[in-house]
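Visitor: Sharing start18.txt below, compact mmCIF, C-alpha atoms:
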```
# COMPACT_ATOMS: atom_id res chain seq x y z
CA MET A 1 -39.63 -25.80 11.59
CA TYR A 2 -37.08 -25.61 14.38
CA THR A 3 -37.21 -27.38 17.69
CA GLU A 4 -37.19 -25.00 20.61
CA TYR A 5 -34.92 -26.84 23.02
CA THR A 6 -36.18 -26.59 26.54
CA GLU A 7 -34.58 -29.37 28.53
CA TYR A 8 -31.31 -29.63 26.66
CA MET A 9 -29.68 -26.21 26.99
CA LYS A 10 -32.33 -25.12 29.45
CA ASP A 11 -31.05 -21.62 29.97
CA GLY A 12 -28.82 -21.49 26.93
CA PHE A 13 -25.73 -22.57 28.85
CA PHE A 14 -24.05 -25.57 27.39
CA ILE A 15 -20.79 -27.47 27.58
CA ALA A 16 -19.12 -28.28 24.28
CA GLN A 17 -17.39 -31.63 24.33
CA THR A 18 -15.19 -30.56 21.45
CA ASP A 19 -14.00 -27.59 23.48
CA LYS A 20 -10.82 -28.70 25.16
CA ARG A 21 -10.89 -25.99 27.76
CA PRO A 22 -12.03 -26.69 31.32
CA ILE A 23 -15.76 -26.38 31.94
CA TYR A 24 -15.40 -23.37 34.25
CA LEU A 25 -13.74 -21.41 31.44
CA GLN A 26 -16.59 -22.27 29.09
CA ILE A 27 -19.12 -21.03 31.64
CA MET A 28 -17.11 -17.83 32.15
CA GLU A 29 -17.02 -17.21 28.44
CA GLN A 30 -20.75 -17.76 27.98
CA ILE A 31 -21.48 -15.28 30.76
CA LYS A 32 -19.12 -12.74 29.21
CA GLN A 33 -20.79 -13.19 25.85
CA ARG A 34 -24.17 -12.40 27.36
CA ILE A 35 -22.75 -9.19 28.76
CA ALA A 36 -20.88 -8.38 25.53
CA VAL A 37 -24.02 -8.63 23.39
CA GLY A 38 -26.07 -6.71 25.93
CA ASP A 39 -28.43 -9.49 27.08
CA TRP A 40 -27.14 -9.04 30.59
CA THR A 41 -26.74 -5.39 31.44
CA GLU A 42 -24.73 -3.53 34.04
CA GLY A 43 -26.08 -3.94 37.54
CA GLN A 44 -28.48 -6.68 36.51
CA GLY A 45 -28.88 -9.59 38.93
CA ILE A 46 -27.63 -12.94 37.66
CA PRO A 47 -28.61 -16.51 38.70
CA SER A 48 -27.29 -17.90 41.96
CA ILE A 49 -24.44 -20.40 41.71
CA ARG A 50 -26.70 -23.35 42.46
CA GLN A 51 -29.33 -22.12 40.02
CA LEU A 52 -26.87 -21.74 37.17
CA ALA A 53 -25.24 -25.11 37.94
CA ALA A 54 -28.65 -26.77 37.68
CA ASP A 55 -29.48 -24.91 34.46
CA ALA A 56 -26.18 -25.71 32.79
CA GLY A 57 -26.15 -29.26 34.14
CA VAL A 58 -22.71 -28.86 35.70
CA SER A 59 -21.38 -29.10 39.23
CA VAL A 60 -21.76 -26.34 41.80
CA ILE A 61 -17.99 -26.22 42.39
CA THR A 62 -17.40 -25.46 38.70
CA VAL A 63 -19.82 -22.52 38.64
CA LYS A 64 -18.44 -21.32 41.97
CA ARG A 65 -15.00 -21.19 40.39
CA ALA A 66 -16.29 -19.40 37.28
CA TYR A 67 -18.01 -16.77 39.49
CA LEU A 68 -14.88 -16.30 41.60
CA GLU A 69 -12.74 -15.69 38.54
CA LEU A 70 -15.33 -13.36 37.00
CA GLU A 71 -15.41 -11.43 40.24
CA ARG A 72 -11.64 -11.15 40.25
CA GLU A 73 -11.82 -9.76 36.72
CA GLY A 74 -14.45 -7.25 37.81
CA VAL A 75 -17.08 -8.68 35.46
CA ILE A 76 -19.52 -9.53 38.24
CA VAL A 77 -19.95 -8.41 41.82
CA THR A 78 -21.07 -10.73 44.60
CA HIS A 79 -22.56 -9.61 47.90
CA GLN A 80 -22.66 -12.15 50.65
CA GLY A 81 -26.23 -13.42 50.98
CA LYS A 82 -27.56 -11.13 48.26
CA GLY A 83 -26.35 -12.95 45.18
CA SER A 84 -24.39 -11.60 42.25
CA HIS A 85 -24.92 -8.94 39.62
CA VAL A 86 -23.15 -7.71 36.53
CA GLY A 87 -20.42 -5.23 37.44
CA SER A 88 -21.25 -1.57 36.98
CA ASN A 89 -18.06 -1.06 35.11
CA ALA A 90 -18.67 1.29 32.16
CA GLY A 91 -18.04 -0.28 28.78
CA LEU A 92 -17.76 -3.77 30.20
CA GLY A 93 -18.97 -5.34 26.96
CA THR A 94 -16.20 -3.72 24.96
CA LYS A 95 -13.61 -4.65 27.55
CA ILE A 96 -14.68 -8.27 27.38
CA ARG A 97 -14.36 -8.29 23.61
CA GLU A 98 -10.92 -6.74 23.88
CA GLN A 99 -9.88 -9.30 26.45
CA GLU A 100 -11.04 -12.03 24.13
CA LEU A 101 -9.07 -10.53 21.25
CA ASP A 102 -5.96 -10.30 23.42
CA GLN A 103 -6.27 -13.97 24.29
CA HIS A 104 -6.42 -14.93 20.63
CA LEU A 105 -3.49 -12.66 19.81
CA ALA A 106 -1.45 -14.19 22.62
CA GLN A 107 -2.19 -17.60 21.17
CA ALA A 108 -1.14 -16.41 17.70
CA ALA A 109 2.05 -14.91 19.14
CA ARG A 110 2.84 -18.17 20.91
CA LEU A 111 2.34 -20.23 17.74
CA GLY A 112 4.35 -17.67 15.77
CA THR A 113 7.29 -17.99 18.14
CA LEU A 114 7.02 -21.75 17.89
CA MET A 115 7.24 -21.50 14.10
CA GLY A 116 10.04 -18.93 14.26
CA LEU A 117 7.94 -16.15 12.67
CA GLY A 118 8.91 -12.54 13.24
CA PRO A 119 6.46 -9.65 13.88
CA GLU A 120 6.36 -8.76 10.15
CA ASP A 121 5.44 -12.32 9.14
CA LEU A 122 2.65 -12.35 11.71
CA GLU A 123 1.39 -8.98 10.52
CA LYS A 124 1.34 -10.22 6.91
CA ARG A 125 -0.71 -13.21 7.94
CA LEU A 126 -3.13 -11.08 9.91
CA ARG A 127 -3.67 -8.86 6.86
CA ALA A 128 -4.24 -11.94 4.70
CA ALA A 129 -6.83 -13.19 7.19
CA GLN A 130 -8.59 -9.81 7.14
CA ASP A 131 -8.63 -9.87 3.31
CA ARG A 132 -10.12 -13.35 3.27
CA LEU A 133 -12.82 -12.26 5.72
CA ALA A 134 -13.67 -9.18 3.61
CA ARG A 135 -13.90 -11.32 0.45
CA SER A 136 -16.15 -13.91 2.06
CA GLU A 137 -18.44 -11.13 3.32
CA GLU A 138 -18.67 -9.71 -0.21
CA GLU A 139 -19.82 -13.09 -1.45
CA PHE A 140 -22.68 -13.05 1.01
CA VAL A 141 -23.88 -9.63 -0.16
CA MET B 1 -25.56 -32.79 62.74
CA THR B 2 -22.15 -33.00 61.17
CA ASP B 3 -21.13 -31.28 57.93
CA LEU B 4 -20.29 -34.64 56.44
CA ALA B 5 -22.98 -36.73 54.77
CA VAL B 6 -20.67 -39.73 54.61
CA LYS B 7 -17.58 -40.57 56.63
CA LEU B 8 -15.60 -43.77 56.23
CA ASP B 9 -12.66 -44.26 58.56
CA GLY B 10 -10.25 -47.16 58.10
CA VAL B 11 -12.88 -49.33 56.48
CA GLY B 12 -11.65 -52.69 55.24
CA LYS B 13 -13.23 -55.81 53.83
CA LYS B 14 -11.53 -59.01 52.80
CA TYR B 15 -12.81 -61.41 50.17
CA ARG B 16 -11.03 -64.42 48.77
CA PHE B 17 -9.80 -62.66 45.64
CA PHE B 18 -10.31 -59.04 46.53
CA GLN B 19 -9.51 -56.82 49.43
CA LEU B 20 -10.73 -53.36 50.25
CA GLU B 21 -7.76 -51.78 52.04
CA LYS B 22 -8.49 -49.58 55.03
CA ILE B 23 -10.11 -46.74 53.17
CA CYS B 24 -11.03 -43.28 54.43
CA LEU B 25 -13.59 -41.18 52.62
CA LYS B 26 -15.39 -37.96 53.48
CA ILE B 27 -18.31 -36.48 51.57
CA PRO B 28 -19.39 -32.99 52.65
CA ARG B 29 -23.11 -32.25 52.65
CA GLY B 30 -24.41 -30.37 49.62
CA THR B 31 -21.92 -31.85 47.16
CA ILE B 32 -21.87 -34.42 44.39
CA MET B 33 -19.11 -36.98 44.76
CA GLY B 34 -18.10 -38.97 41.71
CA LEU B 35 -16.53 -42.35 42.39
CA ILE B 36 -14.37 -43.63 39.56
CA GLY B 37 -12.11 -46.59 39.01
CA PRO B 38 -11.62 -49.58 36.73
CA ASN B 39 -13.81 -52.69 36.88
CA GLY B 40 -13.35 -54.59 40.10
CA ALA B 41 -11.61 -51.64 41.81
CA GLY B 42 -13.93 -51.68 44.82
CA LYS B 43 -16.52 -49.04 43.89
CA SER B 44 -19.54 -51.26 44.43
CA THR B 45 -18.10 -52.82 47.58
CA THR B 46 -17.58 -49.34 49.02
CA ILE B 47 -21.12 -48.34 48.13
CA ARG B 48 -22.58 -51.54 49.58
CA ILE B 49 -20.69 -51.07 52.83
CA LEU B 50 -21.90 -47.54 53.30
CA MET B 51 -25.45 -48.70 52.57
CA GLY B 52 -25.11 -51.40 55.22
CA LEU B 53 -25.70 -54.11 52.60
CA VAL B 54 -22.23 -55.53 53.19
CA HIS B 55 -20.67 -55.41 56.65
CA GLN B 56 -17.10 -54.18 56.93
CA ASP B 57 -14.46 -56.28 58.72
CA CYS B 58 -13.02 -53.19 60.35
CA GLY B 59 -13.40 -49.43 60.50
CA ASP B 60 -16.13 -46.88 61.16
CA VAL B 61 -18.90 -45.97 58.73
CA GLN B 62 -21.13 -42.98 59.37
CA VAL B 63 -23.88 -41.97 56.99
CA LEU B 64 -25.96 -38.87 57.73
CA GLY B 65 -24.60 -39.00 61.26
CA ARG B 66 -25.63 -42.62 61.83
CA ARG B 67 -23.31 -45.55 62.33
CA MET B 68 -23.55 -48.28 59.72
CA PRO B 69 -24.53 -51.06 59.67
CA ALA B 70 -25.86 -50.76 63.28
CA GLU B 71 -28.24 -47.83 62.62
CA GLN B 72 -29.06 -48.61 59.01
CA VAL B 73 -32.81 -48.85 59.55
CA ALA B 74 -32.98 -45.28 60.87
CA ALA B 75 -30.52 -43.98 58.27
CA LYS B 76 -32.34 -45.42 55.29
CA TRP B 77 -35.35 -43.12 55.64
CA ASP B 78 -33.14 -40.37 54.31
CA ILE B 79 -31.10 -42.36 51.79
CA GLY B 80 -32.12 -43.13 48.24
CA PHE B 81 -30.20 -46.01 46.70
CA ALA B 82 -30.34 -47.19 43.11
CA SER B 83 -28.23 -49.80 41.42
CA GLU B 84 -28.52 -51.96 38.36
CA ASP B 85 -29.61 -55.04 40.26
CA MET B 86 -32.46 -53.20 41.98
CA ARG B 87 -35.52 -55.40 41.74
CA LEU B 88 -38.83 -54.08 40.53
CA TYR B 89 -41.85 -56.36 40.14
CA ASP B 90 -42.07 -57.31 36.48
CA GLY B 91 -45.80 -57.92 36.46
CA MET B 92 -46.69 -54.62 38.14
CA THR B 93 -46.95 -51.17 36.63
CA LEU B 94 -44.68 -48.26 37.42
CA GLY B 95 -47.72 -46.55 38.98
CA TRP B 96 -48.16 -49.48 41.38
CA HIS B 97 -44.55 -49.11 42.46
CA MET B 98 -45.06 -45.38 42.93
CA SER B 99 -48.06 -45.87 45.25
CA PHE B 100 -46.16 -48.56 47.11
CA ILE B 101 -43.15 -46.31 47.81
CA GLN B 102 -45.50 -43.43 48.63
CA SER B 103 -47.26 -45.55 51.26
CA ILE B 104 -43.95 -46.21 53.01
CA TYR B 105 -42.16 -42.87 52.74
CA PRO B 106 -43.90 -39.76 54.09
CA THR B 107 -41.46 -37.56 52.16
CA TRP B 108 -42.83 -38.76 48.78
CA ASP B 109 -43.48 -35.74 46.53
CA THR B 110 -46.43 -36.49 44.24
CA ALA B 111 -46.06 -33.38 42.10
CA TYR B 112 -42.35 -34.00 41.57
CA ALA B 113 -43.07 -37.64 40.66
CA GLN B 114 -45.43 -36.40 37.92
CA VAL B 115 -42.79 -34.00 36.62
CA LEU B 116 -40.24 -36.81 36.53
CA LEU B 117 -42.61 -39.10 34.60
CA LYS B 118 -42.83 -36.44 31.95
CA ARG B 119 -39.14 -35.57 31.88
CA PHE B 120 -38.06 -39.19 31.71
CA GLY B 121 -40.66 -40.05 29.09
CA VAL B 122 -42.12 -43.01 31.03
CA ARG B 123 -45.79 -43.71 31.83
CA ALA B 124 -47.30 -44.85 35.11
CA GLU B 125 -49.53 -47.38 33.33
CA GLN B 126 -46.58 -49.26 31.85
CA LYS B 127 -45.74 -52.66 33.29
CA ILE B 128 -42.10 -53.08 34.31
CA LYS B 129 -41.61 -56.10 32.05
CA GLY B 130 -42.50 -53.98 29.02
CA LEU B 131 -39.81 -51.38 29.72
CA SER B 132 -36.52 -51.08 27.86
CA HIS B 133 -33.27 -51.10 29.84
CA GLY B 134 -33.10 -47.31 29.75
CA GLN B 135 -36.70 -46.93 30.88
CA ARG B 136 -36.11 -49.36 33.74
CA VAL B 137 -33.14 -47.35 34.95
CA LYS B 138 -35.19 -44.17 34.73
CA ALA B 139 -38.14 -45.80 36.52
CA ALA B 140 -35.88 -46.96 39.36
CA LEU B 141 -34.36 -43.50 39.62
CA LEU B 142 -37.77 -41.85 39.62
CA LEU B 143 -38.86 -44.02 42.56
CA VAL B 144 -35.80 -42.89 44.49
CA LEU B 145 -35.78 -39.20 43.48
CA ALA B 146 -39.45 -38.55 44.26
CA ARG B 147 -38.79 -39.45 47.89
CA ARG B 148 -36.46 -36.43 47.99
CA PRO B 149 -33.85 -38.22 50.11
CA LYS B 150 -31.08 -36.25 51.81
CA LEU B 151 -28.49 -38.59 50.33
CA LEU B 152 -28.64 -40.24 46.92
CA VAL B 153 -26.37 -43.21 46.36
CA LEU B 154 -26.27 -44.35 42.76
CA ASP B 155 -24.23 -47.25 41.49
CA GLU B 156 -23.47 -46.69 37.79
CA PRO B 157 -26.63 -44.68 37.05
CA THR B 158 -25.73 -44.00 33.41
CA THR B 159 -24.29 -47.35 32.33
CA GLY B 160 -25.90 -48.81 29.23
CA LEU B 161 -28.05 -45.75 28.53
CA ASP B 162 -28.42 -43.98 25.22
CA PRO B 163 -27.16 -40.36 25.05
CA VAL B 164 -30.61 -38.83 25.50
CA ALA B 165 -31.43 -40.89 28.60
CA ARG B 166 -27.98 -40.23 30.02
CA HIS B 167 -28.43 -36.54 29.51
CA GLU B 168 -31.86 -36.56 31.18
CA ILE B 169 -30.44 -38.28 34.23
CA LEU B 170 -27.42 -35.99 34.55
CA ARG B 171 -29.73 -32.99 34.28
CA GLU B 172 -31.96 -34.30 37.01
CA LEU B 173 -29.01 -34.96 39.31
CA THR B 174 -27.66 -31.44 38.91
CA ALA B 175 -31.18 -30.09 39.45
CA VAL B 176 -31.31 -31.92 42.80
CA MET B 177 -28.30 -29.92 43.92
CA GLU B 178 -30.22 -26.66 43.82
CA ASP B 179 -31.12 -27.68 47.36
CA GLU B 180 -27.87 -27.27 49.25
CA ASP B 181 -28.87 -29.70 51.97
CA ARG B 182 -28.71 -32.68 49.64
CA THR B 183 -25.80 -34.91 48.73
CA ILE B 184 -25.12 -37.35 45.92
CA LEU B 185 -22.61 -40.17 45.67
CA PHE B 186 -22.44 -41.88 42.32
CA SER B 187 -20.06 -44.30 40.70
CA SER B 188 -19.38 -44.30 37.00
CA HIS B 189 -17.09 -45.48 34.27
CA HIS B 190 -18.16 -42.56 32.24
CA THR B 191 -15.43 -40.07 33.10
CA GLN B 192 -17.10 -37.33 31.15
CA ASP B 193 -20.22 -37.57 33.33
CA VAL B 194 -18.10 -37.39 36.44
CA GLU B 195 -16.11 -34.44 35.10
CA GLN B 196 -19.26 -32.53 34.26
CA ILE B 197 -21.46 -32.96 37.31
CA SER B 198 -19.31 -33.78 40.33
CA ASP B 199 -17.94 -31.35 42.89
CA ARG B 200 -15.48 -33.86 44.23
CA ILE B 201 -13.78 -36.88 42.76
CA THR B 202 -12.64 -40.11 44.39
CA PHE B 203 -10.39 -42.51 42.50
CA ILE B 204 -10.36 -46.16 43.52
CA ASP B 205 -8.06 -48.82 42.14
CA ARG B 206 -7.39 -52.32 43.45
CA GLY B 207 -9.21 -51.69 46.69
CA ARG B 208 -7.33 -48.50 47.53
CA ILE B 209 -8.35 -44.88 47.34
CA ILE B 210 -5.73 -43.18 45.20
CA ASP B 211 -7.11 -39.66 45.35
CA SER B 212 -10.12 -37.91 46.82
CA MET B 213 -10.51 -34.16 46.43
CA ASP B 214 -12.17 -31.06 45.03
CA LYS B 215 -12.66 -31.56 41.28
CA GLU B 216 -11.45 -28.12 40.18
CA ILE B 217 -8.26 -28.41 42.21
CA TYR B 218 -7.78 -31.95 40.99
CA LEU B 219 -8.10 -31.10 37.29
CA ASP B 220 -5.78 -28.13 37.76
CA ARG B 221 -3.01 -30.26 39.22
CA TRP B 222 -2.79 -32.51 36.19
CA LYS B 223 -1.11 -31.11 33.10
CA ARG B 224 0.60 -32.43 30.04
CA LEU B 225 3.79 -30.61 29.02
CA ARG B 226 5.11 -30.86 25.49
CA LEU B 227 8.86 -30.36 25.42
CA GLU B 228 11.50 -29.90 22.78
CA VAL B 229 14.79 -31.27 24.07
CA PRO B 230 17.98 -30.69 22.06
CA SER B 231 20.01 -33.86 21.63
CA GLY B 232 22.63 -34.29 24.30
CA ILE B 233 20.47 -32.66 26.95
CA GLU B 234 19.18 -34.78 29.80
CA ILE B 235 15.64 -34.14 30.97
CA PRO B 236 15.88 -33.53 34.70
CA ALA B 237 13.63 -35.42 37.13
CA LEU B 238 11.38 -32.77 38.59
CA PRO B 239 9.00 -33.00 41.54
CA GLY B 240 5.35 -33.22 40.52
CA ILE B 241 6.13 -35.12 37.32
CA ILE B 242 4.91 -38.71 37.35
CA GLY B 243 6.01 -39.78 33.91
CA ILE B 244 7.86 -38.68 30.84
CA LYS B 245 8.11 -40.12 27.37
CA ARG B 246 10.85 -39.02 25.01
CA THR B 247 11.02 -39.77 21.32
CA GLY B 248 13.98 -38.11 19.63
CA ARG B 249 13.89 -34.39 20.35
CA LEU B 250 10.31 -34.36 21.53
CA ALA B 251 9.08 -35.34 24.94
CA VAL B 252 5.75 -35.41 26.76
CA ALA B 253 5.74 -35.05 30.53
CA ILE B 254 2.72 -35.69 32.75
CA ALA B 255 2.41 -33.68 35.96
CA ASN B 256 0.07 -34.64 38.80
CA ALA B 257 1.13 -31.73 41.00
CA PHE B 258 1.58 -28.93 38.53
CA VAL B 259 2.89 -25.58 39.75
CA PRO B 260 3.41 -22.50 37.53
CA ASP B 261 7.20 -22.74 38.05
CA LEU B 262 7.43 -26.17 36.46
CA PRO B 263 7.85 -24.96 32.84
CA ASN B 264 10.63 -22.57 33.97
CA ALA B 265 12.45 -25.44 35.62
CA TYR B 266 12.46 -27.31 32.31
CA GLU B 267 13.51 -24.21 30.39
CA SER B 268 16.51 -23.61 32.66
CA SER B 269 17.68 -27.18 32.07
CA GLY B 270 17.91 -26.47 28.33
CA ALA B 271 14.55 -27.88 27.20
CA ARG B 272 11.93 -25.75 25.49
CA VAL B 273 8.34 -25.95 26.69
CA GLN B 274 6.14 -25.93 23.61
CA ALA B 275 2.83 -26.23 25.38
CA VAL B 276 1.20 -26.83 28.74
CA GLU B 277 -2.07 -28.62 28.20
CA ASP B 278 -5.08 -29.39 30.38
CA MET B 279 -6.06 -33.03 30.63
CA THR B 280 -9.52 -34.51 30.55
CA LEU B 281 -10.59 -36.71 33.42
CA GLU B 282 -10.43 -39.66 31.05
CA GLU B 283 -6.76 -38.97 30.29
CA ILE B 284 -6.04 -38.44 33.97
CA PHE B 285 -7.84 -41.69 34.80
CA VAL B 286 -5.62 -43.75 32.52
CA ALA B 287 -2.39 -41.99 33.53
CA ASN B 288 -3.25 -42.23 37.21
CA VAL B 289 -4.14 -45.92 37.21
CA GLU B 290 -0.96 -46.82 35.31
CA HIS B 291 1.17 -44.72 37.61
CA SER B 292 -0.32 -46.00 40.86
CA ARG B 293 0.06 -49.60 39.72
CA GLU B 294 3.74 -49.02 38.93
CA GLU B 295 4.20 -47.57 42.40
CA VAL B 296 2.53 -50.52 44.07
CA GLU B 297 4.65 -52.97 42.11
CA ALA B 298 7.90 -51.06 42.62
```
Mind turning this structure into structure tokens?
Guide:
Amino acid sequence: MYTEYTEYMKDGFFIAQTDKRPIYLQIMEQIKQRIAVGDWTEGQGIPSIRQLAADAGVSVITVKRAYLELEREGVIVTHQGKGSHVGSNAGLGTKIREQELDQHLAQAARLGTLMGLGPEDLEKRLRAAQDRLARSEEEFV
Amino acid sequence: MTDLAVKLDGVGKKYRFFQLEKICLKIPRGTIMGLIGPNGAGKSTTIRILMGLVHQDCGDVQVLGRRMPAEQVAAKWDIGFASEDMRLYDGMTLGWHMSFIQSIYPTWDTAYAQVLLKRFGVRAEQKIKGLSHGQRVKAALLLVLARRPKLLVLDEPTTGLDPVARHEILRELTAVMEDEDRTILFSSHHTQDVEQISDRITFIDRGRIIDSMDKEIYLDRWKRLRLEVPSGIEIPALPGIIGIKRTGRLAVAIANAFVPDLPNAYESSGARVQAVEDMTLEEIFVANVEHSREEVEA
């Protein structure tokens, strides 16, 4: 039997101590994930800054920053005094996934440069990673 | 009513072996301020002065618009204060304490007190002397929280608690902030707690305030740069860098006023910037205290 956590991770937002990124980035990512998987849909109202801060157990200023950045990216829309909702940007979920992929690729490119790898070397490694993933999925089937 | 819940202006206090330099501190209403600093830095002295428990030698103290210590009686209706040395009556139950506080403070919220009992896992029938350290801390906090004070002042609220109790308390403090009219000042050694729940951070060391500002801005200003420096190349002294350590061809630079141009400045001097890393508050704490002590001694 599983414990249904209610107090810890009240609303499913949580801060990972092993995650070295700033807390506001973690909050941003968890909001984007909700939109990417379709739990939060276009135009849907989202919690107020103070509400989400209380739910996630983090400071108001941190959530405020996450909301500001999400607004800048067009992920959410905030109306003064009316709260925020998910942007009505078609295909937002896909865009978020793509953005995430681009971030990982940028990281890979940076490490590649550091190691002196050319584009072909990186491509080879990417293919190898895809092969490994396909093999591990076969094992599960 | 001012927008500041707390305002200290040139507040000093001299003891035989310790001196609080003329400190200035502002806490806007609706925010959580985390007060951090090493042992004996002046955190508790600052808190005691603003509570009117210790009288300053000089300077102005205003709490919720009232001058301290002169107007402390009036101010304390709206302030909830909890510290480790807060005395509860050992032979009495928690419930007795609850009725006692309720009889004094008209703002006591009975329903909220019941919720807190449950959340904190303590029972009203328990006598104080039978409580563990963690339960005592939670009991003391419950007595303060259920009054729903406008300002909460907590001296080391999470010290000596197990992870579950610590988590419960941090949760409750962030829940308080759903009401934007309320303010919290808390001191802590636990930098991770401060990083997670505070809106603003104040650093104290050796009786001086080193920094006091918005947490997000503060964390953004501190970065660690990993550099690769070819032999024969001098690392230039750049503004915003408070320290650099070079071992062979590798160097680590710490910035306390990072700007996006900083890596370019290193690159144009012949160094290669391998990485620009965020720092945790704990890392900043250590770097900051070391740096400010060097400056004082220089």
Visitor: List the spatial neighbours of region 86-94 of chain B as a ChimeraX atom specification - criterion: any atom at most 6 Å away, only C-alpha atoms, same-chain residues fewer than 5 positions off excluded.
Guide: /B:124-129
Visitor: Write out as a PyMOL selection string which residues come within 12 Å of Leu238 (chain B) when counting only C-alpha atoms, dropping same-chain ones fewer than 5 positions away.
Guide: chain B and resi 243-244+253-259+261-266+269
Visitor: Using all atoms listed in the file, find the residues of chain A whose closest atom to chain B is at most 10 Å away, then write them as a ChimeraX atom specification.
Guide: /A:7-10,15,17,20-24,48-65,110-111,113-114
Visitor: Which residues, written as JSON, numbers by chain, have at least one atom at most 9 Å from Val77 (chain A), with only C-alpha atoms counted and residues fewer than 2 positions away on the same chain left out?
Guide: {"A": [43, 67, 70, 71, 72, 74, 75, 79, 83, 84, 85, 86, 87, 88]}
Visitor: Go ahead and compute the interatomic distance for CA of Ala129 (chain A) and CA of His104 (chain A), in Å to one decimal.
Guide: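 Interatomic distance, CA of Ala129 (chain A) to CA of His104 (chain A): 13.6 Å.
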Visitor: Just checking: using all atoms listed in the file, which residue out of B:Arg293, B:Arg148, B:Arg166, B:Lys223 ends up closest to Trp77 (chain B)?
Guide: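 Selected residue with least distance to Trp77 (chain B): B:Arg148.
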Visitor: With distances taken over only C-alpha atoms, which of B:Thr183, B:Asn288, B:Gln102, B:Asn39 is nearest to Ile242 (chain B)?
Guide: B:Asn288
Visitor: Considering only C-alpha atoms, state which residue in the set B:Tyr112, B:Met68, B:Ala165, B:Val289 is at the smallest distance from Arg136 (chain B).
Guide: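 Answer, going by the shortest atom-to-atom distance: B:Ala165.
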Visitor: Counting only C-alpha atoms, which of B:Gly40, B:Pro163, B:Gly34, B:Gly12 gets nearest to Asp57 (chain B)?
Guide: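 The shortest atom-to-atom distance to Asp57 (chain B) comes from B:Gly12.
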Visitor: Determine the nearest neighbour of Asp121 (chain A) from the options A:Glu137, A:Ala109, A:Glu98, A:Gln33, counting all atoms listed in the file.
Guide: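 Of A:Glu137, A:Ala109, A:Glu98, A:Gln33, the one nearest Asp121 (chain A) is A:Ala109, counting all atoms listed in the file.
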Visitor: Hey, which of B:Val115, B:Phe285, B:Leu185, B:Leu142 ends up closest to Val6 (chain B)? Count all atoms listed in the file.
Guide: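 Checking each candidate against Val6 (chain B), we get B:Leu185 as the closest.
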Visitor: Just the number, please: distance in Å from CA of Val229 (chain B) to CA of Ala271 (chain B), one decimal.
Guide: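 It comes out at 4.6 Å.
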Visitor: Please report the interatomic distance between CA of His189 (chain B) and CA of Arg208 (chain B) in Å with one decimal.
Guide: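 Separation between CA of His189 (chain B) and CA of Arg208 (chain B): 16.7 Å.
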Visitor: Around the point (-13.3, -44.6, 38.3) in the file's coordinates, collect all residues with an atom within 6 Å, using all atoms listed in the file, and return them as a ChimeraX atom specification.
Guide: /B:35-38,189,203
Visitor: Can you pull out every residue within 9 Å of Val122 (chain B), counting all atoms listed in the file, but drop anything in the same chain fewer than 6 positions away, and send it as a VMD selection string?
Guide: chain B and resid 94 116 131 135 138 to 139
Visitor: Let me see the file: selected residues, C-alpha atoms, as a PDB file, in the frame of the given file.
Guide:
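Listed below is the output, again.pdb:
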```
ATOM      1  CA  LEU B  94     -44.680 -48.260  37.420  1.00  0.00           C
ATOM      2  CA  LEU B 116     -40.240 -36.810  36.530  1.00  0.00           C
ATOM      3  CA  LEU B 131     -39.810 -51.380  29.720  1.00  0.00           C
ATOM      4  CA  GLN B 135     -36.700 -46.930  30.880  1.00  0.00           C
ATOM      5  CA  LYS B 138     -35.190 -44.170  34.730  1.00  0.00           C
ATOM      6  CA  ALA B 139     -38.140 -45.800  36.520  1.00  0.00           C
TER       7      ALA B 139
END
```
Visitor: Give me the box for region 64-68 of chain A as JSON, namely the centre and edge lengths in Å to one decimal of a box along x, y and z that holds every listed atom plus 3 Å on each side.
Guide:
```
{"center_x": -16.7, "center_y": -18.8, "center_z": 39.6, "size_x": 9.6, "size_y": 11.0, "size_z": 10.7}
```
